Structure formats: C-alpha cells, structure tokens
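**Q** File entry-v2.pdb below, PDB, C-alpha atoms:
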```pdb
ATOM      1  CA  MET O  13     -20.126 -19.324  26.284  1.00  0.00           C
ATOM      2  CA  ILE O  14     -20.027 -15.546  26.964  1.00  0.00           C
ATOM      3  CA  HIS O  15     -16.298 -15.604  26.321  1.00  0.00           C
ATOM      4  CA  SER O  16     -16.876 -17.399  22.982  1.00  0.00           C
ATOM      5  CA  ASN O  17     -19.540 -14.865  21.994  1.00  0.00           C
ATOM      6  CA  LYS O  18     -17.103 -12.023  22.634  1.00  0.00           C
ATOM      7  CA  ILE O  19     -14.442 -13.696  20.524  1.00  0.00           C
ATOM      8  CA  PHE O  20     -17.030 -14.383  17.799  1.00  0.00           C
ATOM      9  CA  ILE O  21     -17.754 -10.648  17.640  1.00  0.00           C
ATOM     10  CA  PHE O  22     -14.003  -9.992  17.604  1.00  0.00           C
ATOM     11  CA  VAL O  23     -13.626 -12.274  14.559  1.00  0.00           C
ATOM     12  CA  VAL O  24     -16.444 -10.422  12.760  1.00  0.00           C
ATOM     13  CA  ILE O  25     -14.750  -7.091  13.513  1.00  0.00           C
ATOM     14  CA  THR O  26     -11.452  -8.340  12.048  1.00  0.00           C
ATOM     15  CA  ILE O  27     -13.328  -9.426   8.906  1.00  0.00           C
ATOM     16  CA  ILE O  28     -14.741  -5.921   8.508  1.00  0.00           C
ATOM     17  CA  ILE O  29     -11.276  -4.441   9.041  1.00  0.00           C
ATOM     18  CA  GLN O  30      -9.911  -6.872   6.454  1.00  0.00           C
ATOM     19  CA  ALA O  31     -12.453  -5.708   3.863  1.00  0.00           C
ATOM     20  CA  VAL O  32     -11.571  -2.058   4.526  1.00  0.00           C
ATOM     21  CA  LEU O  33      -7.821  -2.669   4.300  1.00  0.00           C
ATOM     22  CA  MET O  34      -8.129  -4.725   1.128  1.00  0.00           C
ATOM     23  CA  ARG O  35      -9.727  -1.763  -0.609  1.00  0.00           C
ATOM     24  CA  ASN O  36      -6.118  -0.694  -1.196  1.00  0.00           C
ATOM     25  CA  PHE O  37      -5.987  -3.439  -3.822  1.00  0.00           C
ATOM     26  CA  ASP O  38      -9.129  -2.401  -5.724  1.00  0.00           C
ATOM     27  CA  PHE O  39      -7.025  -2.157  -8.878  1.00  0.00           C
ATOM     28  CA  LEU O  40      -7.044  -5.978  -9.054  1.00  0.00           C
ATOM     29  CA  HIS O  41     -10.840  -6.067  -9.485  1.00  0.00           C
ATOM     30  CA  THR O  42     -11.105  -9.540  -7.967  1.00  0.00           C
ATOM     31  CA  GLY O  43     -13.881  -8.632  -5.553  1.00  0.00           C
ATOM     32  CA  TYR O  44     -13.292 -11.319  -2.946  1.00  0.00           C
ATOM     33  CA  LEU O  45      -9.593 -10.738  -2.458  1.00  0.00           C
ATOM     34  CA  PHE O  46      -9.377 -12.846   0.696  1.00  0.00           C
ATOM     35  CA  LEU O  47     -10.043 -15.871  -1.537  1.00  0.00           C
ATOM     36  CA  ASP O  48      -7.057 -14.963  -3.703  1.00  0.00           C
ATOM     37  CA  GLY O  49      -4.656 -14.911  -0.779  1.00  0.00           C
ATOM     38  CA  VAL O  50      -1.035 -13.808  -0.986  1.00  0.00           C
ATOM     39  CA  PRO O  51       0.621 -13.548  -4.411  1.00  0.00           C
ATOM     40  CA  ILE O  52       4.265 -14.227  -5.155  1.00  0.00           C
ATOM     41  CA  THR O  53       5.762 -10.927  -6.303  1.00  0.00           C
ATOM     42  CA  SER O  54       9.116  -9.183  -6.471  1.00  0.00           C
ATOM     43  CA  SER O  55       7.866  -6.631  -3.922  1.00  0.00           C
ATOM     44  CA  TYR O  56       8.413  -7.652  -0.298  1.00  0.00           C
ATOM     45  CA  GLN O  57       6.300  -4.715   0.904  1.00  0.00           C
ATOM     46  CA  LEU O  58       3.357  -5.684  -1.289  1.00  0.00           C
ATOM     47  CA  GLU O  59       3.504  -9.330  -0.201  1.00  0.00           C
ATOM     48  CA  SER O  60       3.712  -8.295   3.456  1.00  0.00           C
ATOM     49  CA  LYS O  61       0.531  -6.241   3.136  1.00  0.00           C
ATOM     50  CA  PHE O  62      -1.290  -9.069   1.388  1.00  0.00           C
ATOM     51  CA  LEU O  63      -0.171 -11.484   4.115  1.00  0.00           C
ATOM     52  CA  LEU O  64      -1.191  -9.163   6.964  1.00  0.00           C
ATOM     53  CA  TYR O  65      -4.635  -8.447   5.517  1.00  0.00           C
ATOM     54  CA  TRP O  66      -5.297 -12.093   4.601  1.00  0.00           C
ATOM     55  CA  TYR O  67      -4.064 -13.411   7.949  1.00  0.00           C
ATOM     56  CA  LEU O  68      -5.928 -10.956  10.217  1.00  0.00           C
ATOM     57  CA  PRO O  69      -9.282 -12.814  10.526  1.00  0.00           C
ATOM     58  CA  ILE O  70      -7.563 -16.212  10.522  1.00  0.00           C
ATOM     59  CA  VAL O  71      -5.528 -15.506  13.641  1.00  0.00           C
ATOM     60  CA  ALA O  72      -8.735 -14.228  15.258  1.00  0.00           C
ATOM     61  CA  MET O  73     -10.464 -17.492  14.304  1.00  0.00           C
ATOM     62  CA  SER O  74      -7.621 -19.474  15.863  1.00  0.00           C
ATOM     63  CA  PHE O  75      -8.350 -17.700  19.169  1.00  0.00           C
ATOM     64  CA  TYR O  76     -12.033 -18.565  18.811  1.00  0.00           C
ATOM     65  CA  PHE O  77     -11.315 -22.267  18.257  1.00  0.00           C
ATOM     66  CA  THR O  78      -8.658 -22.472  20.970  1.00  0.00           C
ATOM     67  CA  GLY O  79      -9.838 -24.925  23.606  1.00  0.00           C
ATOM     68  CA  TYR O  80     -12.706 -26.133  21.412  1.00  0.00           C
ATOM     69  CA  PHE O  81     -12.012 -29.682  22.607  1.00  0.00           C
ATOM     70  CA  LYS O  82     -10.009 -29.406  25.796  1.00  0.00           C
ATOM     71  CA  LYS O  83     -11.801 -26.564  27.585  1.00  0.00           C
ATOM     72  CA  ILE O  84     -15.191 -28.167  26.967  1.00  0.00           C
ATOM     73  CA  VAL O  85     -13.960 -31.508  28.325  1.00  0.00           C
ATOM     74  CA  GLN O  86     -12.665 -29.772  31.447  1.00  0.00           C
ATOM     75  CA  THR O  87     -16.061 -28.108  32.079  1.00  0.00           C
ATOM     76  CA  TYR O  88     -19.566 -29.294  31.225  1.00  0.00           C
ATOM     77  CA  GLY O  89     -18.333 -31.735  28.569  1.00  0.00           C
ATOM     78  CA  LYS O  90     -17.001 -33.983  31.319  1.00  0.00           C
ATOM     79  CA  LEU O  91     -20.501 -34.391  32.735  1.00  0.00           C
ATOM     80  CA  ILE O  92     -21.890 -35.303  29.319  1.00  0.00           C
ATOM     81  CA  LEU O  93     -19.177 -37.876  28.756  1.00  0.00           C
ATOM     82  CA  ILE O  94     -19.620 -39.395  32.211  1.00  0.00           C
ATOM     83  CA  ARG O  95     -23.371 -39.688  31.663  1.00  0.00           C
ATOM     84  CA  GLU O  96     -23.282 -41.034  28.100  1.00  0.00           C
ATOM     85  CA  TYR O  97     -19.658 -42.216  27.876  1.00  0.00           C
ATOM     86  CA  ASN O  98     -19.640 -42.155  24.080  1.00  0.00           C
ATOM     87  CA  LYS O  99     -16.397 -40.430  23.187  1.00  0.00           C
ATOM     88  CA  THR O 100     -16.714 -41.067  19.455  1.00  0.00           C
ATOM     89  CA  LYS O 101     -20.134 -39.417  19.294  1.00  0.00           C
ATOM     90  CA  TRP O 102     -18.932 -36.479  21.394  1.00  0.00           C
ATOM     91  CA  MET O 103     -15.900 -35.903  19.188  1.00  0.00           C
ATOM     92  CA  LEU O 104     -17.963 -36.097  15.977  1.00  0.00           C
ATOM     93  CA  ILE O 105     -20.370 -33.520  17.394  1.00  0.00           C
ATOM     94  CA  ARG O 106     -17.471 -31.197  18.220  1.00  0.00           C
ATOM     95  CA  TYR O 107     -16.169 -31.516  14.662  1.00  0.00           C
ATOM     96  CA  PHE O 108     -19.641 -30.786  13.329  1.00  0.00           C
ATOM     97  CA  LEU O 109     -19.771 -27.634  15.472  1.00  0.00           C
ATOM     98  CA  LEU O 110     -16.315 -26.656  14.230  1.00  0.00           C
ATOM     99  CA  MET O 111     -17.516 -27.002  10.636  1.00  0.00           C
ATOM    100  CA  ARG O 112     -20.674 -25.038  11.411  1.00  0.00           C
ATOM    101  CA  ASP O 113     -18.895 -22.133  13.095  1.00  0.00           C
ATOM    102  CA  LEU O 114     -16.288 -21.978  10.340  1.00  0.00           C
ATOM    103  CA  ILE O 115     -19.049 -21.839   7.725  1.00  0.00           C
ATOM    104  CA  LEU O 116     -20.507 -18.875   9.613  1.00  0.00           C
ATOM    105  CA  PHE O 117     -17.156 -17.061   9.540  1.00  0.00           C
ATOM    106  CA  VAL O 118     -16.607 -17.680   5.823  1.00  0.00           C
ATOM    107  CA  PHE O 119     -20.200 -16.661   5.091  1.00  0.00           C
ATOM    108  CA  CYS O 120     -19.581 -13.490   7.091  1.00  0.00           C
ATOM    109  CA  GLN O 121     -16.486 -12.749   5.010  1.00  0.00           C
ATOM    110  CA  ILE O 122     -18.406 -13.260   1.780  1.00  0.00           C
ATOM    111  CA  SER O 123     -21.256 -11.064   3.043  1.00  0.00           C
ATOM    112  CA  VAL O 124     -18.993  -8.208   4.158  1.00  0.00           C
ATOM    113  CA  PHE O 125     -17.062  -8.224   0.893  1.00  0.00           C
ATOM    114  CA  SER O 126     -20.321  -8.470  -1.095  1.00  0.00           C
ATOM    115  CA  ILE O 127     -21.672  -5.379   0.655  1.00  0.00           C
ATOM    116  CA  ASP O 128     -18.427  -3.549  -0.120  1.00  0.00           C
ATOM    117  CA  ILE O 129     -18.649  -4.600  -3.779  1.00  0.00           C
ATOM    118  CA  LEU O 130     -22.244  -3.360  -4.038  1.00  0.00           C
ATOM    119  CA  LEU O 131     -21.322  -0.054  -2.363  1.00  0.00           C
ATOM    120  CA  GLN O 132     -18.758   0.421  -5.123  1.00  0.00           C
ATOM    121  CA  HIS O 133     -21.518  -0.270  -7.689  1.00  0.00           C
ATOM    122  CA  ASN O 134     -19.804  -3.392  -8.981  1.00  0.00           C
ATOM    123  CA  GLU O 135     -21.341  -6.749  -9.847  1.00  0.00           C
ATOM    124  CA  LEU O 136     -21.264  -9.731  -7.519  1.00  0.00           C
ATOM    125  CA  HIS O 137     -19.584 -12.872  -8.863  1.00  0.00           C
ATOM    126  CA  ILE O 138     -20.297 -15.355  -6.075  1.00  0.00           C
ATOM    127  CA  VAL O 139     -21.104 -18.277  -8.386  1.00  0.00           C
ATOM    128  CA  GLU O 140     -17.835 -17.835 -10.273  1.00  0.00           C
ATOM    129  CA  ASN O 141     -15.998 -17.976  -6.947  1.00  0.00           C
ATOM    130  CA  LEU O 142     -17.693 -21.076  -5.487  1.00  0.00           C
ATOM    131  CA  GLN O 143     -14.690 -23.324  -6.101  1.00  0.00           C
ATOM    132  CA  LYS O 144     -12.352 -20.815  -4.495  1.00  0.00           C
ATOM    133  CA  ILE O 145     -14.730 -20.479  -1.531  1.00  0.00           C
ATOM    134  CA  PHE O 146     -14.805 -24.249  -1.039  1.00  0.00           C
ATOM    135  CA  MET O 147     -11.022 -24.561  -1.235  1.00  0.00           C
ATOM    136  CA  TYR O 148     -10.602 -21.655   1.187  1.00  0.00           C
ATOM    137  CA  TYR O 149     -13.079 -23.203   3.613  1.00  0.00           C
ATOM    138  CA  LEU O 150     -11.501 -26.660   3.434  1.00  0.00           C
ATOM    139  CA  SER O 151      -7.976 -25.334   3.970  1.00  0.00           C
ATOM    140  CA  LEU O 152      -9.108 -23.462   7.102  1.00  0.00           C
ATOM    141  CA  LEU O 153     -10.994 -26.531   8.308  1.00  0.00           C
ATOM    142  CA  ILE O 154      -7.836 -28.632   8.035  1.00  0.00           C
ATOM    143  CA  ILE O 155      -5.743 -25.968   9.784  1.00  0.00           C
ATOM    144  CA  PHE O 156      -8.087 -25.689  12.760  1.00  0.00           C
ATOM    145  CA  SER O 157      -8.605 -29.460  12.897  1.00  0.00           C
ATOM    146  CA  ILE O 158      -4.832 -29.798  13.255  1.00  0.00           C
ATOM    147  CA  GLN O 159      -4.897 -27.164  15.996  1.00  0.00           C
ATOM    148  CA  LEU O 160      -7.571 -29.100  17.899  1.00  0.00           C
ATOM    149  CA  LEU O 161      -5.712 -32.372  17.460  1.00  0.00           C
ATOM    150  CA  LEU O 162      -2.594 -30.725  18.891  1.00  0.00           C
ATOM    151  CA  GLU O 163      -4.678 -29.670  21.902  1.00  0.00           C
ATOM    152  CA  LEU O 164      -5.120 -33.346  22.750  1.00  0.00           C
ATOM    153  CA  LEU O 165      -1.343 -33.699  22.832  1.00  0.00           C
ATOM    154  CA  LEU O 166      -0.131 -30.325  24.137  1.00  0.00           C
ATOM    155  CA  ASP O 167      -1.174 -27.285  26.128  1.00  0.00           C
ATOM    156  CA  ILE O 168      -3.860 -25.339  24.240  1.00  0.00           C
ATOM    157  CA  GLN O 169      -1.787 -22.121  24.055  1.00  0.00           C
ATOM    158  CA  ILE O 170       1.182 -24.031  22.656  1.00  0.00           C
ATOM    159  CA  ALA O 171      -1.082 -25.727  20.113  1.00  0.00           C
ATOM    160  CA  GLN O 172      -2.392 -22.348  18.977  1.00  0.00           C
ATOM    161  CA  LEU O 173       1.118 -20.915  18.754  1.00  0.00           C
ATOM    162  CA  ILE O 174       2.350 -23.842  16.670  1.00  0.00           C
ATOM    163  CA  ILE O 175      -0.521 -23.632  14.193  1.00  0.00           C
ATOM    164  CA  ASN O 176      -0.122 -19.871  13.726  1.00  0.00           C
ATOM    165  CA  ILE O 177       3.631 -20.216  13.176  1.00  0.00           C
ATOM    166  CA  TYR O 178       2.873 -22.971  10.660  1.00  0.00           C
ATOM    167  CA  ILE O 179       0.417 -20.717   8.788  1.00  0.00           C
ATOM    168  CA  VAL O 180       2.858 -17.813   8.468  1.00  0.00           C
ATOM    169  CA  ILE O 181       5.871 -19.978   7.595  1.00  0.00           C
ATOM    170  CA  SER O 182       3.825 -21.915   5.013  1.00  0.00           C
ATOM    171  CA  VAL O 183       2.878 -18.718   3.214  1.00  0.00           C
ATOM    172  CA  ILE O 184       6.337 -17.121   3.366  1.00  0.00           C
ATOM    173  CA  ALA O 185       8.362 -20.261   2.570  1.00  0.00           C
ATOM    174  CA  VAL O 186       6.601 -20.777  -0.761  1.00  0.00           C
ATOM    175  CA  LYS O 187       8.385 -17.801  -2.309  1.00  0.00           C
ATOM    176  CA  MET O 188      11.778 -19.198  -1.320  1.00  0.00           C
ATOM    177  CA  PHE O 189      10.838 -22.609  -2.739  1.00  0.00           C
ATOM    178  CA  PHE O 190       9.460 -20.994  -5.893  1.00  0.00           C
ATOM    179  CA  THR O 191      12.561 -18.896  -6.601  1.00  0.00           C
ATOM    180  CA  ASN O 192      14.842 -21.887  -5.968  1.00  0.00           C
ATOM    181  CA  ASP O 193      12.768 -24.206  -8.155  1.00  0.00           C
ATOM    182  CA  VAL O 194      12.107 -26.726  -5.368  1.00  0.00           C
ATOM    183  CA  MET O 195      10.246 -29.936  -6.267  1.00  0.00           C
ATOM    184  CA  LYS O 196       6.556 -29.208  -6.549  1.00  0.00           C
ATOM    185  CA  PHE O 197       5.371 -31.826  -4.054  1.00  0.00           C
ATOM    186  CA  ILE O 198       6.724 -29.609  -1.235  1.00  0.00           C
ATOM    187  CA  TYR O 199       3.925 -27.119  -1.889  1.00  0.00           C
ATOM    188  CA  TYR O 200       1.340 -29.771  -1.036  1.00  0.00           C
ATOM    189  CA  THR O 201       2.638 -29.967   2.543  1.00  0.00           C
ATOM    190  CA  LEU O 202       1.806 -26.301   3.133  1.00  0.00           C
ATOM    191  CA  ILE O 203      -1.955 -26.330   3.718  1.00  0.00           C
ATOM    192  CA  PRO O 204      -2.663 -22.551   3.876  1.00  0.00           C
ATOM    193  CA  ASN O 205      -1.661 -22.224   0.212  1.00  0.00           C
ATOM    194  CA  TYR O 206      -4.467 -24.567  -0.874  1.00  0.00           C
ATOM    195  CA  GLY O 207      -7.008 -21.858  -0.081  1.00  0.00           C
ATOM    196  CA  MET O 208      -5.296 -19.102  -2.062  1.00  0.00           C
ATOM    197  CA  GLY O 209      -6.534 -18.487  -5.587  1.00  0.00           C
ATOM    198  CA  PHE O 210      -3.210 -16.888  -6.490  1.00  0.00           C
ATOM    199  CA  ARG O 211      -1.468 -20.177  -5.664  1.00  0.00           C
ATOM    200  CA  ASN O 212      -3.967 -22.901  -6.577  1.00  0.00           C
ATOM    201  CA  GLY O 213      -4.663 -21.733 -10.123  1.00  0.00           C
ATOM    202  CA  LEU O 214      -8.197 -20.459  -9.474  1.00  0.00           C
ATOM    203  CA  SER O 215      -7.413 -16.730  -9.771  1.00  0.00           C
ATOM    204  CA  ASN O 216      -6.406 -16.833 -13.432  1.00  0.00           C
ATOM    205  CA  ASN O 217      -8.351 -13.608 -14.016  1.00  0.00           C
ATOM    206  CA  VAL O 218      -5.333 -11.837 -12.489  1.00  0.00           C
ATOM    207  CA  PRO O 219      -2.429 -13.260 -14.554  1.00  0.00           C
ATOM    208  CA  LEU O 220       0.016 -10.750 -13.045  1.00  0.00           C
ATOM    209  CA  PHE O 221      -0.102 -12.533  -9.670  1.00  0.00           C
ATOM    210  CA  GLN O 222      -1.108 -16.043 -10.720  1.00  0.00           C
ATOM    211  CA  SER O 223       1.255 -18.880  -9.722  1.00  0.00           C
ATOM    212  CA  ASP O 224      -0.104 -22.385 -10.273  1.00  0.00           C
ATOM    213  CA  LEU O 225       1.775 -24.052  -7.442  1.00  0.00           C
ATOM    214  CA  ILE O 226      -1.027 -26.388  -6.415  1.00  0.00           C
ATOM    215  CA  ASN O 227      -3.419 -28.230  -8.686  1.00  0.00           C
ATOM    216  CA  SER O 228      -6.855 -27.394  -7.276  1.00  0.00           C
ATOM    217  CA  THR O 229      -8.337 -30.803  -8.173  1.00  0.00           C
ATOM    218  CA  ILE O 230      -5.494 -32.757  -6.576  1.00  0.00           C
ATOM    219  CA  GLY O 231      -5.556 -30.349  -3.650  1.00  0.00           C
ATOM    220  CA  LEU O 232      -9.269 -30.955  -3.122  1.00  0.00           C
ATOM    221  CA  TYR O 233      -8.780 -34.725  -2.799  1.00  0.00           C
ATOM    222  CA  ILE O 234      -5.818 -34.230  -0.465  1.00  0.00           C
ATOM    223  CA  LEU O 235      -7.789 -31.883   1.800  1.00  0.00           C
ATOM    224  CA  LEU O 236     -10.805 -34.202   2.000  1.00  0.00           C
ATOM    225  CA  SER O 237      -8.559 -37.185   2.752  1.00  0.00           C
ATOM    226  CA  LEU O 238      -6.658 -35.212   5.382  1.00  0.00           C
ATOM    227  CA  GLN O 239      -9.861 -34.151   7.102  1.00  0.00           C
ATOM    228  CA  ILE O 240     -11.079 -37.730   7.395  1.00  0.00           C
ATOM    229  CA  LEU O 241      -7.668 -38.797   8.704  1.00  0.00           C
ATOM    230  CA  LEU O 242      -7.595 -36.002  11.290  1.00  0.00           C
ATOM    231  CA  VAL O 243     -11.047 -36.923  12.584  1.00  0.00           C
ATOM    232  CA  VAL O 244     -10.058 -40.587  12.910  1.00  0.00           C
ATOM    233  CA  ILE O 245      -6.771 -39.794  14.680  1.00  0.00           C
ATOM    234  CA  SER O 246      -8.540 -37.363  17.034  1.00  0.00           C
ATOM    235  CA  ILE O 247     -11.137 -39.970  17.990  1.00  0.00           C
ATOM    236  CA  VAL O 248      -8.482 -42.646  18.578  1.00  0.00           C
ATOM    237  CA  LYS O 249      -6.400 -40.243  20.689  1.00  0.00           C
ATOM    238  CA  PHE O 250      -9.411 -38.943  22.621  1.00  0.00           C
ATOM    239  CA  LYS O 251     -10.534 -42.466  23.502  1.00  0.00           C
ATOM    240  CA  LYS O 252      -7.202 -43.030  25.238  1.00  0.00           C
ATOM    241  CA  ILE O 253      -7.610 -39.954  27.446  1.00  0.00           C
ATOM    242  CA  ASP O 254      -8.922 -40.551  30.956  1.00  0.00           C
ATOM    243  CA  ILE O 255     -11.448 -37.791  31.679  1.00  0.00           C
ATOM    244  CA  LEU O 256     -12.159 -38.792  35.284  1.00  0.00           C
TER
END
```
Let me see whether you can do it: turn the structure in this file into structure tokens.
**A**
Amino acid sequence: MIHSNKIFIFVVITIIIQAVLMRNFDFLHTGYLFLDGVPITSSYQLESKFLLYWYLPIVAMSFYFTGYFKKIVQTYGKLILIREYNKTKWMLIRYFLLMRDLILFVFCQISVFSIDILLQHNELHIVENLQKIFMYYLSLLIIFSIQLLLELLLDIQIAQLIINIYIVISVIAVKMFFTNDVMKFIYYTLIPNYGMGFRNGLSNNVPLFQSDLINSTIGLYILLSLQILLVVISIVKFKKIDIL
C-alpha cells in the first residue's frame, strides 16, 4: 500500500509537469489540451512534443496499475479468496477500484489544468468538455483493463511493456494510415485515439488540427462493449487460475 501511495503521488507530479509543458501550446486556446491528444500535422517535431506531453501521465498510471490483480492475489488477496472463495466478486471489486482510481487521476488532471486556466485569467469550459472527458476516461479504462487482463496471462512487467508499446504505436501509426488513405475501420482498433479530441471529432474548435478519424458516438458504443467483454474474459480466466 505504501508503494502504491508513492506511485500515486508520482502520477500526480507527472500531471502537474504535463500542465506546465502544455503551456507551450497556449496559442490553441483549448484549455484542457490533454483531452485533445496528439494532432496529425506535417511537423514531426510538433507531433513528437504533443505525444510526449500527452503520454507522460499515462505511462505513470500504467506503473500504478501494474500488478493490480496479480500482486494482490499473491499477497493478502489470497487470504480473502481462500476465506470467501468468490472469484467473480473479487474480480468485480478490483475492476471497481480500477475505475475509482482512474476517476481520481482524470479528476486530478482536470483540476490541475483548471487551476492553470484560472491563473491565466481565462474562463473554464468544463461542461463543454464533458463528452471529451468521458471518452478520454473510457479509452484509458479499456487500455488498463487490457493491461490487467494480460497480467493473468503473462508476467506483469511484460504486460505493462506490451500495453505501453501498443499505446505509442497506436498513436504514431495513425498518421501513416491517414497519409496512405487506409480503410477507416483500422482506426477503431487503436484504442488510445478514441480519447483524443483531435482524432474523434470533438475538438472542432481547433480546425487546424482536427481529423475526424473516429466517430465519437460509434466509438462510445465500442468502448462500452469492449469494457464489458474484458471484464467477462478476465473473470472466466481468473476462475481457471489455481490460487492455492
């Protein structure tokens, strides 16, 4: 638990650093730039900065959630399961805690950026960004749910490595697909892009960087369906694991 608390603080620090670094893009006047994500531009340097700043807290979160299933099972979780022996209930509780902690991180991001906006004497537009916030949250929830599912199949460090490689490749590959006019359904296999306003059509107040690669309504249904599927698969897999 102490280790988790330290990593929690580390995530908060990366969020603050993200807000400071993203001040370089004040000219966009979007306020909550982490919700806009990485645009597709002709400038590799600009895209790289966007990617680095956007990705910074997410990689920190992946460290926080590493072992969220497996490490607990190997410690005090084993005692709980032996006493109650209800694996489905235990797994649902872990998913609930995952959702709760992720809400805290996203809320922290919104709060830090809101403070920065107020310090610059600008207006807050939280209500106008609610859809983007929800899509951002859901995309991260799916990503970390996949990471935790992989932990049931692989070593936890390997699972974390795979999910982080997937995040970076998903963001970078879109530009190659976009410039080569690849069939649009490919974009829907790259989950990190669902949470980017520049790529899901929700940041139309910045037409310079807007690329409607993913329909936000379709994306919402896909994310919700995926989350249910991931929970079901995790429970089925976990039930087959012998914890004794």
**Q** Considering all atoms listed in the file, state which residue in the set O:Ser228, O:Leu136, O:Val183, O:Asn216 is at the smallest distance from Ser60 of chain O.
**A**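 The shortest atom-to-atom distance to Ser60 of chain O comes from O:Val183.
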**Q** Measuring between all atoms listed in the file, which one of O:Leu236, O:Val180, O:Ile19, O:Val24 shows the shortest distance to Ser123 of chain O?
**A**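 Of all the options, O:Val24 lies closest to Ser123 of chain O.
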**Q** Within 10 Å of Phe46 of chain O, counting all atoms listed in the file, which residues qualify if same-chain residues fewer than 5 places away don't, as a ChimeraX atom specification?
**A** /O:27,30-31,34,62-63,65-67,69,121-122,125,144-145,148,207-209
**Q** Quote the spacing between atom CA of Leu164 of chain O and atom CA of Ile247 of chain O in Å to one decimal place.
**A**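 A separation of 10.1 Å between them.
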**Q** What's around Ile129 of chain O at 10 Å? Count all atoms listed in the file, leave out sequence neighbours fewer than 3 positions away in its own chain, and write the answer as a list in words.
**A**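 The residues satisfying every condition are Ala31, Arg35, Asp38, His41, Thr42, Gly43, Tyr44, Ser123, Val124, Phe125, Ser126, Gln132, His133, Asn134, Glu135, Leu136 and His137 of chain O.
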**Q** At what distance in Å, to one decimal, does atom CA of Ile158 of chain O lie from atom CA of Val118 of chain O?
**A** 18.5 Å
**Q** Can you work out the spacing between atom CA of Asp113 of chain O and atom CA of Gly79 of chain O in Å, to one decimal?
**A**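 Atom CA of Asp113 of chain O sits 14.2 Å away from atom CA of Gly79 of chain O.
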**Q** Identify all residues satisfying the PyMOL selection byres ((chain O and resi 246) around 10) in the given file; provide them as a PDB file with C-alpha atoms, keeping the file's coordinate frame.
**A**
```pdb
ATOM      1  CA  THR O 100     -16.714 -41.067  19.455  1.00  0.00           C
ATOM      2  CA  MET O 103     -15.900 -35.903  19.188  1.00  0.00           C
ATOM      3  CA  LEU O 104     -17.963 -36.097  15.977  1.00  0.00           C
ATOM      4  CA  TYR O 107     -16.169 -31.516  14.662  1.00  0.00           C
ATOM      5  CA  SER O 157      -8.605 -29.460  12.897  1.00  0.00           C
ATOM      6  CA  ILE O 158      -4.832 -29.798  13.255  1.00  0.00           C
ATOM      7  CA  LEU O 160      -7.571 -29.100  17.899  1.00  0.00           C
ATOM      8  CA  LEU O 161      -5.712 -32.372  17.460  1.00  0.00           C
ATOM      9  CA  LEU O 162      -2.594 -30.725  18.891  1.00  0.00           C
ATOM     10  CA  GLU O 163      -4.678 -29.670  21.902  1.00  0.00           C
ATOM     11  CA  LEU O 164      -5.120 -33.346  22.750  1.00  0.00           C
ATOM     12  CA  LEU O 165      -1.343 -33.699  22.832  1.00  0.00           C
ATOM     13  CA  ILE O 240     -11.079 -37.730   7.395  1.00  0.00           C
ATOM     14  CA  LEU O 241      -7.668 -38.797   8.704  1.00  0.00           C
ATOM     15  CA  LEU O 242      -7.595 -36.002  11.290  1.00  0.00           C
ATOM     16  CA  VAL O 243     -11.047 -36.923  12.584  1.00  0.00           C
ATOM     17  CA  VAL O 244     -10.058 -40.587  12.910  1.00  0.00           C
ATOM     18  CA  ILE O 245      -6.771 -39.794  14.680  1.00  0.00           C
ATOM     19  CA  ILE O 247     -11.137 -39.970  17.990  1.00  0.00           C
ATOM     20  CA  VAL O 248      -8.482 -42.646  18.578  1.00  0.00           C
ATOM     21  CA  LYS O 249      -6.400 -40.243  20.689  1.00  0.00           C
ATOM     22  CA  PHE O 250      -9.411 -38.943  22.621  1.00  0.00           C
ATOM     23  CA  LYS O 251     -10.534 -42.466  23.502  1.00  0.00           C
TER      24      LYS O 251
END
```
**Q** Spell out the residues picked by the PyMOL selection byres ((chain O and resi 155) around 12) here, as a PDB file with C-alpha atoms, in the coordinates of the input.
**A**
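Output below, filename selection-v2.pdb:
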```pdb
ATOM      1  CA  ILE O  70      -7.563 -16.212  10.522  1.00  0.00           C
ATOM      2  CA  VAL O  71      -5.528 -15.506  13.641  1.00  0.00           C
ATOM      3  CA  MET O  73     -10.464 -17.492  14.304  1.00  0.00           C
ATOM      4  CA  SER O  74      -7.621 -19.474  15.863  1.00  0.00           C
ATOM      5  CA  PHE O  77     -11.315 -22.267  18.257  1.00  0.00           C
ATOM      6  CA  LEU O 110     -16.315 -26.656  14.230  1.00  0.00           C
ATOM      7  CA  MET O 111     -17.516 -27.002  10.636  1.00  0.00           C
ATOM      8  CA  LEU O 114     -16.288 -21.978  10.340  1.00  0.00           C
ATOM      9  CA  TYR O 148     -10.602 -21.655   1.187  1.00  0.00           C
ATOM     10  CA  TYR O 149     -13.079 -23.203   3.613  1.00  0.00           C
ATOM     11  CA  LEU O 150     -11.501 -26.660   3.434  1.00  0.00           C
ATOM     12  CA  SER O 151      -7.976 -25.334   3.970  1.00  0.00           C
ATOM     13  CA  LEU O 152      -9.108 -23.462   7.102  1.00  0.00           C
ATOM     14  CA  LEU O 153     -10.994 -26.531   8.308  1.00  0.00           C
ATOM     15  CA  ILE O 154      -7.836 -28.632   8.035  1.00  0.00           C
ATOM     16  CA  PHE O 156      -8.087 -25.689  12.760  1.00  0.00           C
ATOM     17  CA  SER O 157      -8.605 -29.460  12.897  1.00  0.00           C
ATOM     18  CA  ILE O 158      -4.832 -29.798  13.255  1.00  0.00           C
ATOM     19  CA  GLN O 159      -4.897 -27.164  15.996  1.00  0.00           C
ATOM     20  CA  LEU O 160      -7.571 -29.100  17.899  1.00  0.00           C
ATOM     21  CA  LEU O 161      -5.712 -32.372  17.460  1.00  0.00           C
ATOM     22  CA  LEU O 162      -2.594 -30.725  18.891  1.00  0.00           C
ATOM     23  CA  ALA O 171      -1.082 -25.727  20.113  1.00  0.00           C
ATOM     24  CA  GLN O 172      -2.392 -22.348  18.977  1.00  0.00           C
ATOM     25  CA  ILE O 174       2.350 -23.842  16.670  1.00  0.00           C
ATOM     26  CA  ILE O 175      -0.521 -23.632  14.193  1.00  0.00           C
ATOM     27  CA  ASN O 176      -0.122 -19.871  13.726  1.00  0.00           C
ATOM     28  CA  ILE O 177       3.631 -20.216  13.176  1.00  0.00           C
ATOM     29  CA  TYR O 178       2.873 -22.971  10.660  1.00  0.00           C
ATOM     30  CA  ILE O 179       0.417 -20.717   8.788  1.00  0.00           C
ATOM     31  CA  VAL O 180       2.858 -17.813   8.468  1.00  0.00           C
ATOM     32  CA  SER O 182       3.825 -21.915   5.013  1.00  0.00           C
ATOM     33  CA  THR O 201       2.638 -29.967   2.543  1.00  0.00           C
ATOM     34  CA  LEU O 202       1.806 -26.301   3.133  1.00  0.00           C
ATOM     35  CA  ILE O 203      -1.955 -26.330   3.718  1.00  0.00           C
ATOM     36  CA  PRO O 204      -2.663 -22.551   3.876  1.00  0.00           C
ATOM     37  CA  ASN O 205      -1.661 -22.224   0.212  1.00  0.00           C
ATOM     38  CA  TYR O 206      -4.467 -24.567  -0.874  1.00  0.00           C
ATOM     39  CA  GLY O 207      -7.008 -21.858  -0.081  1.00  0.00           C
ATOM     40  CA  LEU O 235      -7.789 -31.883   1.800  1.00  0.00           C
ATOM     41  CA  LEU O 238      -6.658 -35.212   5.382  1.00  0.00           C
ATOM     42  CA  GLN O 239      -9.861 -34.151   7.102  1.00  0.00           C
ATOM     43  CA  LEU O 242      -7.595 -36.002  11.290  1.00  0.00           C
TER      44      LEU O 242
END
```
